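Working notes for the structure below.
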Amino acid sequence: MALTYLNSSNPLSTSVSQELQDVVVNIMDMVVLCGLLPLLTFSGLLTNILNILVLSKYGLHETTSFLLFSLSVSYLFYSLAQLFQRLHSFVALIDPLLAMSLETISVIYLGSTVGYFASVSNLHTTIIAVERLVAVCFPLKMSWVFTPYRVKLLLVFVYFYVAVLLMPSWILYEPSWTFDPSTNKTIGGLKPTTFFKRDFDNITQYLYLGLPILLSTLPFLNTVVCSIVIGYKMTVRCKTSLIKISSWSNDVKEKKVINMLLTVCVVNSCVSFPILAIDLFLVCNNTLIQSLSKMYFLLHTLGTILSQVNATINFFIYISLSSKFASTLDQIYRCGVKKNKK
C-alpha cells in the first residue's frame, strides 16, 4: 500500500497499476464468473431437484415437508435465474457485442428475479425457525397453529408479499437499442424509465434502505433469535432427559427433525451475515464504491457466491442429518438404475 501511494504521482506507474488491476479483474471474471459460480449454480440446480424428488416421495402432508419442498423450489428458480443472468459471461468469450445485449436483458428482466427468489427463500427459513420455536416452546399448540392449510396460505402470502415489495425494481430500466455501423449490428443498452427518473431519490432510498430491512435484516434477526431460543430449549431438555429418559426417548424422531431444521436455520444465518455486511457496506459507502469499481466488483461477486452456496448447502444438511432422506434418495437412485438396465 505504501509503495502504491508513493508512486501514485507518477502517471506511468499509475497506468501500469491500472492495467494490472484490469488484468486481475479479468482473470477473476474468467475463474469466478465463468468457472466457480457456474459450478455452484449447476450444483444448486442438481441438489434442489434432488430435494424436490425426495420430499415429493415423502408426501407433502406434514407442514415440515411442505416448507422444505417450497424452499427447494424457491432455491431451484433462484439458481436457474442466476445461471441465465451469468450467460453473458460465456457469450463474451465468443461475441462481445451479443454479450452486451444479453447483459442488458439480464439486468432488466433477471436482476429482480434473482433478488425475488433470494428474498422468498430467506422468508422460508424464518418461517421454519418460527415453526420450530412453537414446536419446542408450545408443543401442545403446534398442531393448532401450523396446520397444513395455514402453512400453504402463509407461503402463498410470502410469494405475493415479496412480489409487491419488489414491484418498483421491475420497472427501473428499459432497453435502448442502437445500431453500430462499424459492425453492422444492433447493440442493446440500458436507460432509466420515466417512472425511475421522475422519483429517483425516493425510489433509491426505498430500494437500498427500506427493502433490505424488510426482506433481509428483519428475517435474519428473527431467524437468529428463534435459533438461539430453540438451541437453549434443546440443551435444557437434553439435560432433563438424563433424569427422565423414558419421557424423552419417545421423542427421538422429533428431536432429529428439530436438529436438522435448526441446522438449516443456523447455516442460513451464518451465510447470510456476511452477505448483509457486504450489502450494508455498499450502501453506506456508496460514493467510495462508485470511485472504486474494482472493489464493488469483488464485494458483489463474493456476495453472489455466498448466496449461491446458501441455495446449495441444504441438500448436504438433509442427507447427513436425516436417515429417512438418505434412504429415500438411495431408493430413487436404485429405481433409476433398474429402469436404465431394462
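By order in the C-alpha cells, chains are A, B, ...; within a chain, residues start at 1; ligands start at 1, following the order shown.
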Report as a Markdown table the residues of range 83-166 of chain A within 7 Å of range 74-77 of chain A, each with its shortest atom pair and distance in Å (one decimal), using only C-alpha atoms, ordered by chain and increasing residue number.
| residue | atom | partner | partner_atom | distance |
| --- | --- | --- | --- | --- |
| A:Phe117 | CA | A:Ser74 | CA | 5.7 |
| A:Val120 | CA | A:Ser74 | CA | 6.9 |
| A:Ser121 | CA | A:Ser74 | CA | 6.0 |
Residues of the last selection are to be written out with C-alpha atoms, as a JSON list (two decimals), in the first residue's frame.
[["chain", "number", "residue", "atom", "x", "y", "z"],
["A", 117, "PHE", "CA", -36.30, -15.75, -5.09],
["A", 120, "VAL", "CA", -38.57, -15.61, -0.72],
["A", 121, "SER", "CA", -36.02, -18.21, 0.40]]
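Taking only C-alpha atoms, the non-local environment of range 61-68 of chain A within 9 Å (same-chain residues fewer than 6 positions away omitted) comprises Asn51, Ile52, Leu55, His124, Thr125, Ile127, Ile128, Glu131, Phe146, Thr147, Pro148, Tyr149, Val151, Lys152, Leu155, Val257 and Leu261 of chain A.
If you look at CA of Leu80 in chain A and CA of Ile203 in chain A, they are 27.6 Å away from each other.
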Give me the residues within 9 Å of range 132-145 of chain A as a PyMOL selection string, counting only C-alpha atoms and dropping any in the same chain fewer than 4 places off. chain A and resi 127-128+150+226-227+229-230+233-234+258+261-262
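Of the residues listed (A:Ile171, A:Val54, A:Ala277, A:Ala118), A:Ile171 shows the shortest atom-to-atom separation from Leu190 in chain A; distances use only C-alpha atoms.
In the backbone-derived DSSP annotation, strand (DSSP E or B) within range 174-219 of chain A comprises Glu174, Pro175, Ser176, Trp177, Thr178, Phe179, Asp180, Lys185, Thr186, Ile187, Gly188, Gly189, Leu190, Lys191 and Pro192 of chain A.
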Excluding Lys324 in chain A and residues on its chain fewer than 6 positions from it, collect all residues at most 10 Å away from it, counting only C-alpha atoms, and give them as a VMD selection string. chain A and resid 54 58 318 330
Using only N, CA and C atoms, please write the residues we just selected to a file, as a PDB file, in the first residue's frame.
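Done, and the output landed in part-v4.pdb:
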ATOM      1  N   VAL A  54     -37.072 -36.129  -3.549  1.00  0.00           N
ATOM      2  CA  VAL A  54     -37.138 -36.876  -2.288  1.00  0.00           C
ATOM      3  C   VAL A  54     -38.318 -36.419  -1.444  1.00  0.00           C
ATOM      4  N   TYR A  58     -41.795 -38.351  -0.058  1.00  0.00           N
ATOM      5  CA  TYR A  58     -42.324 -38.367   1.309  1.00  0.00           C
ATOM      6  C   TYR A  58     -43.839 -38.221   1.323  1.00  0.00           C
ATOM      7  N   TYR A 318     -29.574 -32.146   4.760  1.00  0.00           N
ATOM      8  CA  TYR A 318     -30.616 -33.180   4.801  1.00  0.00           C
ATOM      9  C   TYR A 318     -30.015 -34.580   4.770  1.00  0.00           C
ATOM     10  N   ASP A 330     -31.583 -42.993  -1.856  1.00  0.00           N
ATOM     11  CA  ASP A 330     -30.989 -44.255  -2.310  1.00  0.00           C
ATOM     12  C   ASP A 330     -32.014 -45.092  -3.083  1.00  0.00           C
TER      13      ASP A 330
END
Suppose you want the space between CA of His300 in chain A and CA of Ser112 in chain A; what is it in Å? 15.1 Å
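One distance worth recording is that between CA of Thr204 in chain A and CA of Met167 in chain A, which is 13.2 Å.
The shortest atom-to-atom distance to Ser182 in chain A, with only C-alpha atoms taken into account, belongs to A:Leu97 out of A:Leu97, A:Leu50, A:Val73, A:Ile313.
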Would you mind writing down, as an NGL selection string, each residue of range 57-92 of chain A that DSSP on the backbone assigns to alpha helix (DSSP H)? :A and (57-58 or 63-85 or 87-91)
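Non-sequential neighbours of range 87-89 of chain A (distance at most 12 Å, separation of 6 or more positions within a chain, only C-alpha atoms) are Asn26, Met28, Asp29, Met30, Val31, Val32, Leu33, Cys34, Gly35, Leu37, Pro38, Thr41, Leu80, Ala81, Asp95, Pro96, Leu97, Leu98, Ala99, Met100, Ser101, Leu102, Glu103, Thr104, Ile105, Ser106, Val107 and Leu110 of chain A.
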For those residues, write N, CA and C atoms to a file as a JSON list (two decimals), in the first residue's frame.
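For reference, out-v8.json as written:
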[["chain", "number", "residue", "atom", "x", "y", "z"],
["A", 26, "ASN", "N", -10.02, -9.27, -14.86],
["A", 26, "ASN", "CA", -10.37, -10.13, -16.00],
["A", 26, "ASN", "C", -10.13, -11.61, -15.67],
["A", 28, "MET", "N", -10.19, -12.89, -12.64],
["A", 28, "MET", "CA", -11.24, -13.27, -11.69],
["A", 28, "MET", "C", -12.56, -13.48, -12.40],
["A", 29, "ASP", "N", -12.81, -12.65, -13.40],
["A", 29, "ASP", "CA", -14.05, -12.79, -14.18],
["A", 29, "ASP", "C", -14.09, -14.14, -14.86],
["A", 30, "MET", "N", -12.94, -14.58, -15.38],
["A", 30, "MET", "CA", -12.88, -15.88, -16.05],
["A", 30, "MET", "C", -13.03, -17.02, -15.04],
["A", 31, "VAL", "N", -12.27, -16.93, -13.93],
["A", 31, "VAL", "CA", -12.24, -18.03, -12.96],
["A", 31, "VAL", "C", -13.54, -18.11, -12.17],
["A", 32, "VAL", "N", -14.01, -16.96, -11.68],
["A", 32, "VAL", "CA", -15.18, -16.95, -10.80],
["A", 32, "VAL", "C", -16.48, -16.99, -11.59],
["A", 33, "LEU", "N", -16.67, -16.01, -12.48],
["A", 33, "LEU", "CA", -17.94, -15.91, -13.18],
["A", 33, "LEU", "C", -18.11, -16.97, -14.26],
["A", 34, "CYS", "N", -17.00, -17.45, -14.81],
["A", 34, "CYS", "CA", -17.10, -18.49, -15.85],
["A", 34, "CYS", "C", -16.70, -19.87, -15.33],
["A", 35, "GLY", "N", -16.29, -19.97, -14.07],
["A", 35, "GLY", "CA", -15.88, -21.25, -13.52],
["A", 35, "GLY", "C", -16.57, -21.60, -12.23],
["A", 37, "LEU", "N", -18.67, -19.87, -10.12],
["A", 37, "LEU", "CA", -20.10, -19.56, -9.96],
["A", 37, "LEU", "C", -21.00, -20.48, -10.79],
["A", 38, "PRO", "N", -20.68, -20.74, -12.07],
["A", 38, "PRO", "CA", -21.49, -21.72, -12.81],
["A", 38, "PRO", "C", -21.48, -23.10, -12.17],
["A", 41, "THR", "N", -23.77, -22.94, -9.35],
["A", 41, "THR", "CA", -25.14, -22.82, -9.86],
["A", 41, "THR", "C", -25.68, -24.16, -10.32],
["A", 80, "LEU", "N", -31.63, -21.14, -11.24],
["A", 80, "LEU", "CA", -31.91, -21.05, -12.67],
["A", 80, "LEU", "C", -31.77, -19.61, -13.16],
["A", 81, "ALA", "N", -32.34, -18.67, -12.40],
["A", 81, "ALA", "CA", -32.23, -17.25, -12.77],
["A", 81, "ALA", "C", -30.78, -16.79, -12.71],
["A", 95, "ASP", "N", -18.66, -13.62, -28.62],
["A", 95, "ASP", "CA", -19.22, -12.44, -29.29],
["A", 95, "ASP", "C", -19.48, -11.35, -28.25],
["A", 96, "PRO", "N", -18.53, -10.42, -28.04],
["A", 96, "PRO", "CA", -18.68, -9.38, -27.02],
["A", 96, "PRO", "C", -19.91, -8.49, -27.22],
["A", 97, "LEU", "N", -20.25, -8.19, -28.48],
["A", 97, "LEU", "CA", -21.41, -7.32, -28.73],
["A", 97, "LEU", "C", -22.71, -8.01, -28.35],
["A", 98, "LEU", "N", -22.84, -9.27, -28.70],
["A", 98, "LEU", "CA", -24.02, -10.03, -28.29],
["A", 98, "LEU", "C", -24.09, -10.15, -26.78],
["A", 99, "ALA", "N", -22.92, -10.29, -26.14],
["A", 99, "ALA", "CA", -22.87, -10.38, -24.68],
["A", 99, "ALA", "C", -23.40, -9.10, -24.03],
["A", 100, "MET", "N", -23.11, -7.95, -24.64],
["A", 100, "MET", "CA", -23.62, -6.68, -24.11],
["A", 100, "MET", "C", -25.14, -6.65, -24.15],
["A", 101, "SER", "N", -25.71, -7.13, -25.23],
["A", 101, "SER", "CA", -27.17, -7.17, -25.35],
["A", 101, "SER", "C", -27.78, -8.14, -24.34],
["A", 102, "LEU", "N", -27.14, -9.30, -24.18],
["A", 102, "LEU", "CA", -27.63, -10.27, -23.20],
["A", 102, "LEU", "C", -27.54, -9.73, -21.78],
["A", 103, "GLU", "N", -26.45, -9.01, -21.50],
["A", 103, "GLU", "CA", -26.30, -8.42, -20.17],
["A", 103, "GLU", "C", -27.38, -7.39, -19.91],
["A", 104, "THR", "N", -27.73, -6.62, -20.94],
["A", 104, "THR", "CA", -28.81, -5.64, -20.81],
["A", 104, "THR", "C", -30.12, -6.33, -20.46],
["A", 105, "ILE", "N", -30.43, -7.39, -21.17],
["A", 105, "ILE", "CA", -31.67, -8.14, -20.92],
["A", 105, "ILE", "C", -31.67, -8.75, -19.52],
["A", 106, "SER", "N", -30.51, -9.29, -19.11],
["A", 106, "SER", "CA", -30.43, -9.93, -17.79],
["A", 106, "SER", "C", -30.59, -8.92, -16.67],
["A", 107, "VAL", "N", -30.02, -7.72, -16.84],
["A", 107, "VAL", "CA", -30.16, -6.68, -15.81],
["A", 107, "VAL", "C", -31.61, -6.24, -15.68],
["A", 110, "LEU", "N", -33.87, -10.11, -15.27],
["A", 110, "LEU", "CA", -33.46, -11.19, -14.37],
["A", 110, "LEU", "C", -32.88, -10.70, -13.05]]
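The closest residue to Ser272 in chain A, picked from A:Ile94, A:Leu36, A:Leu302, A:Ile317 and counting only C-alpha atoms, is A:Leu302.
Residue neighbourhood of Ala163 in chain A, excluding near-sequence residues (fewer than 3 positions): A:Ser112, A:Thr113, A:Val114, A:Gly115, A:Tyr116, A:Phe117, A:Ala118, A:Ser119, A:Val120, A:Val156, A:Phe157, A:Val158, A:Tyr159, A:Phe160, A:Leu166, A:Met167, A:Pro168, A:Ser169, A:Trp170, A:Leu211, A:Leu215, at 12 Å, using only C-alpha atoms.
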